[in-house]
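Asks: For reference, the file model15.cif (mmCIF, C-alpha atoms) is included below:
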```
data_protein
#
loop_
_atom_site.label_atom_id
_atom_site.label_comp_id
_atom_site.auth_asym_id
_atom_site.auth_seq_id
_atom_site.Cartn_x
_atom_site.Cartn_y
_atom_site.Cartn_z
CA MET U 1 77.20 -256.87 -29.24
CA THR U 2 76.09 -260.24 -27.84
CA VAL U 3 76.02 -263.58 -29.69
CA LEU U 4 74.77 -267.03 -28.68
CA VAL U 5 77.03 -270.08 -28.76
CA PRO U 6 75.64 -273.64 -29.35
CA ASP U 7 75.09 -274.38 -25.64
CA GLY U 8 72.94 -271.25 -25.33
CA ALA U 9 75.44 -269.19 -23.32
CA GLU U 10 75.82 -265.53 -24.16
CA VAL U 11 79.25 -264.29 -25.26
CA ARG U 12 80.08 -260.62 -25.57
CA VAL U 13 82.00 -259.67 -28.70
CA ARG U 14 83.88 -256.37 -28.74
CA PRO U 15 82.55 -254.18 -31.57
CA HIS U 16 85.21 -253.02 -33.98
CA ARG U 17 85.47 -250.84 -37.02
CA PRO U 18 86.02 -252.54 -40.37
CA SER U 19 89.58 -251.18 -40.42
CA ASP U 20 91.09 -249.72 -37.26
CA PRO U 21 93.43 -246.81 -38.07
CA ASP U 22 97.16 -247.16 -37.41
CA ILE U 23 99.44 -244.30 -36.42
CA VAL U 24 100.25 -243.43 -40.04
CA ALA U 25 96.55 -242.99 -40.80
CA THR U 26 96.38 -240.13 -38.31
CA ILE U 27 98.69 -237.91 -40.40
CA GLY U 28 96.79 -234.86 -41.66
CA GLY U 29 93.46 -233.47 -40.57
CA THR U 30 95.15 -230.95 -38.27
CA PRO U 31 93.07 -228.24 -36.56
CA LEU U 32 92.49 -224.70 -37.77
CA VAL U 33 92.32 -222.27 -34.84
CA ALA U 34 91.57 -218.55 -34.62
CA LEU U 35 94.34 -216.16 -33.53
CA ASP U 36 91.97 -213.44 -32.32
CA ARG U 37 94.16 -212.28 -29.44
CA LEU U 38 97.26 -211.83 -31.56
CA PHE U 39 95.39 -210.36 -34.52
CA PRO U 40 92.09 -208.77 -33.41
CA PRO U 41 89.42 -209.69 -35.99
CA ALA U 42 88.01 -206.17 -36.14
CA ARG U 43 90.66 -205.46 -38.82
CA PHE U 44 91.15 -208.87 -40.44
CA GLN U 45 90.68 -212.49 -39.35
CA VAL U 46 93.64 -214.84 -38.91
CA TYR U 47 93.48 -218.61 -38.49
CA ALA U 48 96.40 -220.95 -37.80
CA LYS U 49 96.75 -224.41 -39.33
CA CYS U 50 98.49 -226.21 -36.43
CA GLU U 51 100.67 -228.94 -37.94
CA ARG U 52 102.24 -229.88 -34.61
CA PHE U 53 99.24 -232.21 -34.12
CA ASN U 54 100.57 -234.68 -36.67
CA PRO U 55 101.89 -237.79 -34.87
CA GLY U 56 105.51 -236.95 -35.66
CA GLY U 57 104.99 -233.39 -34.50
CA SER U 58 105.29 -231.43 -37.74
CA ILE U 59 104.05 -230.76 -41.25
CA LYS U 60 106.89 -232.96 -42.55
CA ASP U 61 104.82 -236.02 -41.63
CA ARG U 62 102.69 -235.31 -44.70
CA ALA U 63 105.65 -235.22 -47.08
CA ALA U 64 107.32 -238.26 -45.53
CA LYS U 65 104.14 -240.32 -45.80
CA SER U 66 103.57 -239.30 -49.40
CA MET U 67 107.14 -239.98 -50.54
CA VAL U 68 107.62 -243.26 -48.68
CA GLU U 69 104.24 -244.80 -49.49
CA GLN U 70 104.54 -243.90 -53.18
CA ALA U 71 108.01 -245.45 -53.31
CA ILE U 72 106.66 -248.64 -51.69
CA ALA U 73 103.66 -248.73 -54.05
CA THR U 74 105.88 -248.46 -57.12
CA GLY U 75 108.37 -251.05 -55.85
CA ARG U 76 111.25 -248.59 -55.60
CA ILE U 77 111.77 -249.58 -51.98
CA VAL U 78 110.94 -252.86 -50.27
CA PRO U 79 110.13 -253.17 -46.56
CA GLY U 80 112.66 -255.32 -44.78
CA VAL U 81 115.22 -254.80 -47.56
CA SER U 82 115.70 -251.16 -48.55
CA THR U 83 117.33 -248.26 -46.73
CA VAL U 84 116.16 -244.66 -47.04
CA VAL U 85 118.91 -242.02 -47.06
CA GLU U 86 118.03 -238.34 -46.64
CA SER U 87 119.38 -234.96 -45.54
CA SER U 88 117.39 -233.15 -42.86
CA SER U 89 117.75 -230.35 -40.34
CA GLY U 90 115.32 -232.07 -38.00
CA ASN U 91 111.60 -232.43 -38.70
CA LEU U 92 111.77 -234.46 -41.91
CA GLY U 93 114.32 -236.74 -40.27
CA ILE U 94 111.90 -237.40 -37.42
CA ALA U 95 108.98 -237.91 -39.81
CA LEU U 96 110.99 -240.36 -41.92
CA ALA U 97 112.22 -242.15 -38.81
CA GLN U 98 108.64 -242.77 -37.72
CA LEU U 99 107.55 -243.92 -41.21
CA CYS U 100 110.60 -246.13 -41.78
CA ASN U 101 110.25 -247.76 -38.38
CA PHE U 102 106.58 -248.45 -39.14
CA TYR U 103 107.28 -249.93 -42.58
CA ARG U 104 110.43 -251.80 -41.47
CA LEU U 105 112.79 -249.81 -43.67
CA GLY U 106 116.36 -248.90 -42.85
CA LEU U 107 117.10 -245.18 -42.49
CA VAL U 108 120.22 -243.02 -42.56
CA ILE U 109 119.68 -239.32 -41.81
CA VAL U 110 122.43 -236.80 -42.61
CA VAL U 111 122.34 -233.76 -40.32
CA ASP U 112 124.66 -230.91 -39.33
CA PRO U 113 125.70 -229.39 -35.99
CA ARG U 114 122.62 -227.16 -35.87
CA THR U 115 120.37 -230.19 -35.30
CA THR U 116 119.39 -230.23 -31.65
CA PRO U 117 120.33 -233.08 -29.30
CA GLN U 118 116.62 -233.70 -28.71
CA ASN U 119 115.92 -234.18 -32.42
CA LEU U 120 118.91 -236.51 -32.74
CA ALA U 121 117.63 -238.54 -29.79
CA ILE U 122 114.14 -238.83 -31.30
CA MET U 123 115.48 -240.04 -34.64
CA ARG U 124 117.71 -242.60 -32.95
CA ALA U 125 114.85 -243.75 -30.73
CA TYR U 126 112.95 -244.71 -33.88
CA GLY U 127 115.98 -246.69 -35.04
CA ALA U 128 117.54 -244.25 -37.50
CA ARG U 129 121.27 -244.10 -38.07
CA VAL U 130 122.39 -240.47 -37.87
CA GLU U 131 125.46 -239.04 -39.61
CA VAL U 132 126.59 -235.53 -38.71
CA VAL U 133 128.35 -233.37 -41.31
CA GLU U 134 130.75 -231.23 -39.28
CA HIS U 135 132.05 -228.83 -41.93
CA ARG U 136 130.30 -226.36 -44.22
CA ASP U 137 130.58 -226.50 -47.99
CA PRO U 138 133.71 -224.46 -48.89
CA ALA U 139 132.13 -222.87 -51.96
CA THR U 140 128.94 -221.60 -50.30
CA GLY U 141 129.75 -221.55 -46.60
CA GLU U 142 126.52 -223.51 -45.99
CA PHE U 143 125.85 -226.95 -44.53
CA LEU U 144 123.17 -228.06 -47.01
CA PRO U 145 125.49 -228.70 -50.00
CA ALA U 146 127.82 -230.63 -47.69
CA ARG U 147 124.91 -232.74 -46.43
CA ILE U 148 123.79 -233.49 -49.97
CA ALA U 149 127.32 -234.55 -50.91
CA ARG U 150 127.31 -237.00 -47.98
CA VAL U 151 123.93 -238.38 -49.09
CA LYS U 152 125.27 -239.02 -52.59
CA HIS U 153 128.26 -240.85 -51.15
CA LEU U 154 125.99 -243.03 -49.02
CA LEU U 155 123.87 -243.91 -52.04
CA GLU U 156 126.97 -245.48 -53.56
CA THR U 157 127.93 -247.46 -50.46
CA VAL U 158 124.67 -248.50 -48.73
CA PRO U 159 122.99 -251.56 -50.33
CA ASP U 160 119.54 -250.96 -51.86
CA ALA U 161 119.59 -247.31 -50.79
CA TRP U 162 116.96 -244.79 -51.89
CA TRP U 163 117.06 -241.00 -51.62
CA PRO U 164 113.62 -239.34 -51.35
CA ASN U 165 115.28 -235.99 -52.19
CA GLN U 166 112.68 -233.78 -50.55
CA TYR U 167 113.88 -230.74 -52.52
CA ALA U 168 112.96 -232.33 -55.87
CA ASN U 169 110.42 -235.08 -55.11
CA GLU U 170 106.99 -234.10 -56.43
CA ASP U 171 105.35 -236.48 -53.97
CA ASN U 172 106.47 -233.95 -51.36
CA SER U 173 104.45 -231.16 -52.96
CA ARG U 174 101.50 -233.42 -53.85
CA ALA U 175 101.00 -234.12 -50.15
CA HIS U 176 100.11 -230.49 -49.58
CA ARG U 177 97.21 -230.39 -51.97
CA ALA U 178 95.45 -232.12 -49.10
CA THR U 179 96.75 -229.46 -46.68
CA MET U 180 95.10 -226.72 -48.74
CA ARG U 181 91.94 -228.76 -49.25
CA GLU U 182 91.59 -229.14 -45.47
CA ILE U 183 91.93 -225.37 -45.03
CA VAL U 184 89.27 -224.62 -47.65
CA GLU U 185 86.87 -227.21 -46.24
CA ALA U 186 87.25 -225.82 -42.71
CA LEU U 187 86.20 -222.28 -43.65
CA PRO U 188 82.92 -220.87 -45.03
CA GLU U 189 84.88 -219.39 -47.95
CA PRO U 190 88.47 -219.81 -49.20
CA PRO U 191 90.91 -217.52 -47.37
CA ASP U 192 92.03 -214.30 -49.01
CA TYR U 193 95.66 -214.87 -48.01
CA LEU U 194 97.72 -217.95 -47.19
CA PHE U 195 100.98 -217.38 -45.28
CA LEU U 196 103.42 -220.28 -45.27
CA ALA U 197 107.12 -220.88 -44.70
CA ALA U 198 109.27 -221.82 -47.71
CA GLY U 199 112.15 -224.29 -47.43
CA THR U 200 111.93 -227.22 -49.82
CA THR U 201 108.93 -225.30 -51.26
CA GLY U 202 106.88 -228.49 -51.11
CA THR U 203 104.15 -226.87 -49.01
CA LEU U 204 104.22 -223.77 -51.20
CA ARG U 205 103.92 -225.69 -54.45
CA GLY U 206 101.27 -228.14 -53.28
CA CYS U 207 99.03 -225.46 -51.80
CA ALA U 208 99.55 -223.04 -54.68
CA GLU U 209 98.80 -225.66 -57.32
CA PHE U 210 95.60 -226.65 -55.52
CA ILE U 211 94.59 -222.97 -55.45
CA GLN U 212 95.34 -222.60 -59.15
CA ASP U 213 93.59 -225.83 -60.14
CA GLN U 214 90.46 -224.87 -58.19
CA ALA U 215 90.56 -221.25 -59.42
CA LEU U 216 90.45 -219.99 -55.83
CA PRO U 217 90.91 -216.27 -55.06
CA THR U 218 93.51 -217.03 -52.36
CA ARG U 219 96.81 -215.15 -52.66
CA VAL U 220 99.92 -216.92 -51.41
CA VAL U 221 102.55 -215.19 -49.27
CA ALA U 222 105.79 -217.18 -49.02
CA VAL U 223 107.84 -216.57 -45.88
CA ASP U 224 111.59 -216.89 -46.44
CA ALA U 225 114.66 -216.37 -44.27
CA VAL U 226 116.96 -213.40 -44.60
CA GLY U 227 120.04 -214.67 -46.42
CA SER U 228 118.14 -217.42 -48.25
CA VAL U 229 118.48 -217.79 -52.05
CA ILE U 230 115.14 -219.47 -52.77
CA PHE U 231 113.54 -216.50 -54.52
CA GLY U 232 116.70 -214.85 -55.80
CA PRO U 233 120.09 -213.58 -54.64
CA PRO U 234 120.05 -211.95 -51.19
CA GLU U 235 120.18 -208.18 -50.88
CA PRO U 236 123.53 -206.69 -49.76
CA TRP U 237 122.24 -206.00 -46.25
CA GLU U 238 121.43 -209.70 -45.81
CA SER U 239 125.07 -210.81 -46.09
CA SER U 240 125.79 -210.01 -42.41
CA HIS U 241 122.97 -212.25 -41.21
CA LYS U 242 123.76 -215.80 -40.13
CA ARG U 243 120.77 -218.14 -40.30
CA THR U 244 120.44 -220.38 -37.25
CA ILE U 245 116.71 -221.13 -37.02
CA PRO U 246 115.87 -224.18 -39.16
CA GLY U 247 112.68 -224.89 -41.09
CA HIS U 248 112.58 -222.11 -43.68
CA GLY U 249 115.02 -220.65 -46.16
CA ALA U 250 117.62 -222.57 -48.17
CA ALA U 251 121.16 -222.24 -49.47
CA VAL U 252 120.16 -223.67 -52.86
CA VAL U 253 117.12 -223.08 -55.06
CA PRO U 254 114.86 -226.14 -54.64
CA ALA U 255 114.08 -228.11 -57.78
CA LEU U 256 110.41 -228.13 -56.74
CA LEU U 257 110.13 -224.36 -57.11
CA ARG U 258 108.15 -223.08 -60.10
CA PRO U 259 107.59 -219.49 -61.24
CA GLY U 260 104.40 -217.83 -60.06
CA LEU U 261 103.71 -219.99 -57.00
CA ALA U 262 103.93 -217.07 -54.57
CA ASP U 263 102.13 -213.77 -55.00
CA ARG U 264 104.41 -212.14 -52.42
CA VAL U 265 107.60 -213.04 -50.57
CA VAL U 266 108.35 -211.76 -47.07
CA LYS U 267 111.77 -212.32 -45.52
CA VAL U 268 112.33 -212.47 -41.77
CA THR U 269 115.39 -212.54 -39.53
CA ASP U 270 116.08 -215.03 -36.78
CA SER U 271 115.31 -212.45 -34.11
CA GLU U 272 111.94 -211.77 -35.75
CA CYS U 273 111.26 -215.53 -35.68
CA ILE U 274 111.98 -215.62 -31.98
CA ARG U 275 109.75 -212.63 -31.29
CA GLY U 276 106.99 -214.25 -33.38
CA CYS U 277 107.23 -217.48 -31.38
CA ARG U 278 107.15 -215.69 -28.05
CA ARG U 279 104.24 -213.46 -29.03
CA LEU U 280 102.29 -216.51 -30.16
CA LEU U 281 102.94 -218.19 -26.83
CA ALA U 282 102.17 -215.10 -24.74
CA GLU U 283 98.97 -214.13 -26.56
CA GLU U 284 97.52 -217.44 -27.78
CA SER U 285 99.20 -220.01 -25.50
CA ILE U 286 100.55 -221.81 -28.60
CA LEU U 287 104.06 -223.21 -28.17
CA ALA U 288 105.34 -223.11 -31.74
CA GLY U 289 108.59 -223.80 -33.58
CA GLY U 290 110.94 -221.42 -35.34
CA SER U 291 109.37 -221.38 -38.78
CA SER U 292 105.97 -220.86 -37.17
CA GLY U 293 107.41 -217.77 -35.53
CA ALA U 294 108.64 -216.69 -38.96
CA VAL U 295 105.12 -216.92 -40.37
CA ILE U 296 103.72 -214.90 -37.46
CA ALA U 297 106.46 -212.29 -37.95
CA ALA U 298 105.63 -212.05 -41.65
CA LEU U 299 101.94 -211.57 -40.87
CA THR U 300 102.81 -208.83 -38.41
CA GLN U 301 104.96 -207.09 -41.02
CA SER U 302 102.16 -207.39 -43.57
CA ALA U 303 99.41 -205.94 -41.41
CA SER U 304 99.86 -202.52 -43.02
CA TRP U 305 98.86 -203.75 -46.48
CA ILE U 306 96.36 -206.51 -45.68
CA GLU U 307 92.92 -205.20 -46.61
CA PRO U 308 90.36 -204.76 -43.81
CA GLY U 309 87.79 -207.54 -43.62
CA THR U 310 89.98 -210.19 -45.21
CA THR U 311 90.68 -213.69 -43.94
CA CYS U 312 94.23 -215.01 -43.59
CA VAL U 313 95.49 -218.50 -42.81
CA ALA U 314 98.94 -219.03 -41.33
CA VAL U 315 100.41 -222.51 -41.66
CA LEU U 316 102.37 -223.28 -38.47
CA PRO U 317 104.73 -226.13 -39.39
CA ASP U 318 105.66 -227.49 -35.96
CA GLY U 319 105.55 -227.11 -32.20
CA GLY U 320 108.00 -225.47 -29.85
CA ASP U 321 108.81 -228.41 -27.60
CA ARG U 322 111.94 -229.08 -29.69
CA TYR U 323 113.12 -225.48 -29.25
CA LEU U 324 113.03 -225.20 -25.46
CA ASP U 325 116.83 -224.97 -25.26
CA THR U 326 117.02 -222.27 -27.93
CA ILE U 327 114.09 -220.04 -28.86
CA TYR U 328 112.45 -220.30 -25.44
CA ASP U 329 115.67 -220.11 -23.42
CA ASP U 330 116.47 -216.52 -22.40
CA GLN U 331 120.13 -217.24 -21.80
CA TRP U 332 120.58 -218.81 -25.25
CA VAL U 333 118.84 -215.89 -26.94
CA GLU U 334 120.97 -213.39 -25.02
CA SER U 335 124.33 -215.07 -25.51
CA TYR U 336 123.98 -216.49 -29.02
CA LEU U 337 121.70 -214.20 -30.95
CA ARG U 338 121.57 -210.69 -29.57
CA GLN U 339 125.27 -210.15 -30.13
CA TYR U 340 124.73 -209.64 -33.87
CA LEU U 341 121.06 -209.68 -34.82
CA PRO U 342 119.93 -206.26 -33.56
CA GLN U 343 122.42 -204.60 -35.90
CA THR U 344 121.07 -206.66 -38.80
CA ASP U 345 117.49 -205.69 -37.98
CA GLN U 346 118.51 -202.03 -37.85
CA GLU U 347 120.22 -202.32 -41.24
CA ARG U 348 117.07 -203.94 -42.61
CA SER U 349 114.81 -201.14 -41.37
CA GLN U 350 117.05 -198.58 -43.07
CA SER U 351 117.24 -200.44 -46.40
#
```
Would you mind writing the file out in structure tokens?

Replies:
Amino acid sequence: MTVLVPDGAEVRVRPHRPSDPDIVATIGGTPLVALDRLFPPARFQVYAKCERFNPGGSIKDRAAKSMVEQAIATGRIVPGVSTVVESSSGNLGIALAQLCNFYRLGLVIVVDPRTTPQNLAIMRAYGARVEVVEHRDPATGEFLPARIARVKHLLETVPDAWWPNQYANEDNSRAHRATMREIVEALPEPPDYLFLAAGTTGTLRGCAEFIQDQALPTRVVAVDAVGSVIFGPPEPWESSHKRTIPGHGAAVVPALLRPGLADRVVKVTDSECIRGCRRLLAEESILAGGSSGAVIAALTQSASWIEPGTTCVAVLPDGGDRYLDTIYDDQWVESYLRQYLPQTDQERSQS
């Protein structure tokens, strides 16, 4: 655009949009891609909702944005004053670190030894303070209850602290109504099946409630970890399995969970997650994270009962760049996992 100044000279003015988007505004709107090589469409069609394209690298960006912005809007937290305190195994910590840095909020993330050095470095790069819980909860043998106990202690000692509590915060699940809306709007018709990983169950609840509210025919398949308690006590054969892949499964039943959200539940082992990730990379050139591999493994298991001609959507929560030292490292897989997981998989197939 060109304007004239009083002396008649021309001055070029850079055109601009009424409101240029910031980095937070880019959260959501992730692509839906076909997985025709991995699942040939002659039987049924599979699409992947690739959440790694959020700016923080995972689906947790949606929940973090929803929880933090609602807390700011209601005055529960104040930029420049308040400190957010949360427990995370990785992705939510990174998402919160990005949001808190943007909104000038303090942040303390409580993690455990399973959090990778790369994830710790990313959180610290954004300015988060990271506290590592070294010991499991004596009663359950899990890290999550110990992390929650540390969070509660910090709430008593850190001034103006606020706990989003992703396992109970309904702004977590509300964020995923938009996730399901994006899926529906990207397809000619709503999908017949939606496969998604369950951890906090925020994605599950938000998507399922949108489906119910819109009276959609989509059936929801929740993907859980072997040994997880989300949908009930583990089967006896699950007791020998040690969960190491983060992102799905939980040691406690999330407060967000409601009856009837999932039409089916499929449990997968860590080795099945790894195989799912590597198949996705080999066939589709998609470098995906552990819970994405779990969703692919669940779809593979379910192929025998999925009706011909149906459409499935798999929500892939994150990318694999944060798993290069584990899932995509042959030596790590050989030395750390194969020593006990093949026996567990064999027990599962016989159960």

Asks: Go through the shown structure with the PyMOL selection byres ((chain U and resi 108) around 8) and write out the matching residues as a list in words.

Replies: Thr83, Val84, Val85, Glu86, Gly106, Leu107, Ile109, Val110, Ala128, Arg129, Val130 and Glu131 of chain U

Asks: I'd like the contact shell of range 217-226 of chain U - 8 Å cut-off, all atoms listed in the file, skipping same-chain residues fewer than 5 positions apart - returned as a PDB file with C-alpha atoms, in the coordinates of the input.

Replies:
```
ATOM      1  CA  PRO U 190      88.470-219.810 -49.200  1.00  0.00           C
ATOM      2  CA  PRO U 191      90.910-217.520 -47.370  1.00  0.00           C
ATOM      3  CA  ASP U 192      92.030-214.300 -49.010  1.00  0.00           C
ATOM      4  CA  TYR U 193      95.660-214.870 -48.010  1.00  0.00           C
ATOM      5  CA  LEU U 194      97.720-217.950 -47.190  1.00  0.00           C
ATOM      6  CA  PHE U 195     100.980-217.380 -45.280  1.00  0.00           C
ATOM      7  CA  LEU U 196     103.420-220.280 -45.270  1.00  0.00           C
ATOM      8  CA  ALA U 197     107.120-220.880 -44.700  1.00  0.00           C
ATOM      9  CA  ALA U 198     109.270-221.820 -47.710  1.00  0.00           C
ATOM     10  CA  GLY U 199     112.150-224.290 -47.430  1.00  0.00           C
ATOM     11  CA  LEU U 204     104.220-223.770 -51.200  1.00  0.00           C
ATOM     12  CA  ALA U 208      99.550-223.040 -54.680  1.00  0.00           C
ATOM     13  CA  ILE U 211      94.590-222.970 -55.450  1.00  0.00           C
ATOM     14  CA  PRO U 234     120.050-211.950 -51.190  1.00  0.00           C
ATOM     15  CA  GLU U 238     121.430-209.700 -45.810  1.00  0.00           C
ATOM     16  CA  HIS U 241     122.970-212.250 -41.210  1.00  0.00           C
ATOM     17  CA  ARG U 243     120.770-218.140 -40.300  1.00  0.00           C
ATOM     18  CA  HIS U 248     112.580-222.110 -43.680  1.00  0.00           C
ATOM     19  CA  GLY U 249     115.020-220.650 -46.160  1.00  0.00           C
ATOM     20  CA  ALA U 250     117.620-222.570 -48.170  1.00  0.00           C
ATOM     21  CA  LEU U 261     103.710-219.990 -57.000  1.00  0.00           C
ATOM     22  CA  ALA U 262     103.930-217.070 -54.570  1.00  0.00           C
ATOM     23  CA  ASP U 263     102.130-213.770 -55.000  1.00  0.00           C
ATOM     24  CA  ARG U 264     104.410-212.140 -52.420  1.00  0.00           C
ATOM     25  CA  VAL U 265     107.600-213.040 -50.570  1.00  0.00           C
ATOM     26  CA  VAL U 266     108.350-211.760 -47.070  1.00  0.00           C
ATOM     27  CA  LYS U 267     111.770-212.320 -45.520  1.00  0.00           C
ATOM     28  CA  VAL U 268     112.330-212.470 -41.770  1.00  0.00           C
ATOM     29  CA  THR U 269     115.390-212.540 -39.530  1.00  0.00           C
ATOM     30  CA  ASP U 270     116.080-215.030 -36.780  1.00  0.00           C
ATOM     31  CA  ALA U 294     108.640-216.690 -38.960  1.00  0.00           C
ATOM     32  CA  VAL U 295     105.120-216.920 -40.370  1.00  0.00           C
ATOM     33  CA  ALA U 298     105.630-212.050 -41.650  1.00  0.00           C
TER      34      ALA U 298
END
```

Asks: Which distance in Å separates CA of Tyr167 in chain U and CA of Ser87 in chain U, to one decimal?

Replies: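 If I compute the distance from CA of Tyr167 in chain U to CA of Ser87 in chain U, I get 9.8 Å.
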
Asks: Using the chain letters and numbers from the file, which residues does the PyMOL selection byres ((chain U and resi 47) around 8) grab, as a list in words?

Replies: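 Expected selection for the PyMOL selection byres ((chain U and resi 47) around 8) here is Leu32, Val33, Ala34, Leu35, Gln45, Val46, Ala48, Lys49, Thr311, Cys312, Val313 and Ala314 of chain U.
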
Asks: Excluding Thr26 in chain U and any residue of its chain fewer than 2 positions from it, enumerate the residues within 10 Å of it, using all atoms listed in the file, and give them as a list of chain:residue names.

Replies: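 That gives U:Pro21, U:Asp22, U:Ile23, U:Val24, U:Gly28, U:Gly29, U:Thr30, U:Phe53, U:Asn54, U:Pro55, U:Asp61.
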
Asks: Take the residues just selected and output them with C-alpha atoms as a PDB file, in the coordinates of the input.

Replies:
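Writing the result to selection-v1.pdb gives the following:
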```
ATOM      1  CA  PRO U  21      93.430-246.810 -38.070  1.00  0.00           C
ATOM      2  CA  ASP U  22      97.160-247.160 -37.410  1.00  0.00           C
ATOM      3  CA  ILE U  23      99.440-244.300 -36.420  1.00  0.00           C
ATOM      4  CA  VAL U  24     100.250-243.430 -40.040  1.00  0.00           C
ATOM      5  CA  GLY U  28      96.790-234.860 -41.660  1.00  0.00           C
ATOM      6  CA  GLY U  29      93.460-233.470 -40.570  1.00  0.00           C
ATOM      7  CA  THR U  30      95.150-230.950 -38.270  1.00  0.00           C
ATOM      8  CA  PHE U  53      99.240-232.210 -34.120  1.00  0.00           C
ATOM      9  CA  ASN U  54     100.570-234.680 -36.670  1.00  0.00           C
ATOM     10  CA  PRO U  55     101.890-237.790 -34.870  1.00  0.00           C
ATOM     11  CA  ASP U  61     104.820-236.020 -41.630  1.00  0.00           C
TER      12      ASP U  61
END
```

Asks: Please write as a list in words the full residue list that the PyMOL selection byres ((chain U and resi 303) around 12) yields on this file.

Replies: Leu38, Phe39, Pro40, Pro41, Arg43, Phe44, Gln45, Val46, Tyr193, Ile296, Ala297, Ala298, Leu299, Thr300, Gln301, Ser302, Ser304, Trp305, Ile306, Glu307, Pro308, Gly309, Thr310, Thr311 and Cys312 of chain U

Asks: What is the distance between CA of Glu69 in chain U and CA of Thr116 in chain U, in Å to one decimal?

Replies: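 Between CA of Glu69 in chain U and CA of Thr116 in chain U the gap is 27.6 Å.
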
Asks: What does the distance from CA of Val151 in chain U to CA of Asp112 in chain U come to in Å, to one decimal?

Replies: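 Separation between CA of Val151 in chain U and CA of Asp112 in chain U: 12.3 Å.
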
Asks: With distances taken over only C-alpha atoms, which residue among U:Ala168, U:Val68, U:Ile59, U:Val333 lies nearest Arg275 in chain U?

Replies: U:Val333

Asks: Dig up all the protein and nucleic acid residues within 12 Å of (110.6, -252.8, -51.2) in the file frame, using only C-alpha atoms, and format them as number ranges by chain.

Replies: U: 68-84, 100, 103-106, 160-162

Asks: Between U:Asn172, U:Thr200, U:Ser228, U:Asn119, which one has atoms that come closest to Ala64 in chain U, using all atoms listed in the file?

Replies: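 For Ala64 in chain U, the nearest of the given residues is U:Asn172.
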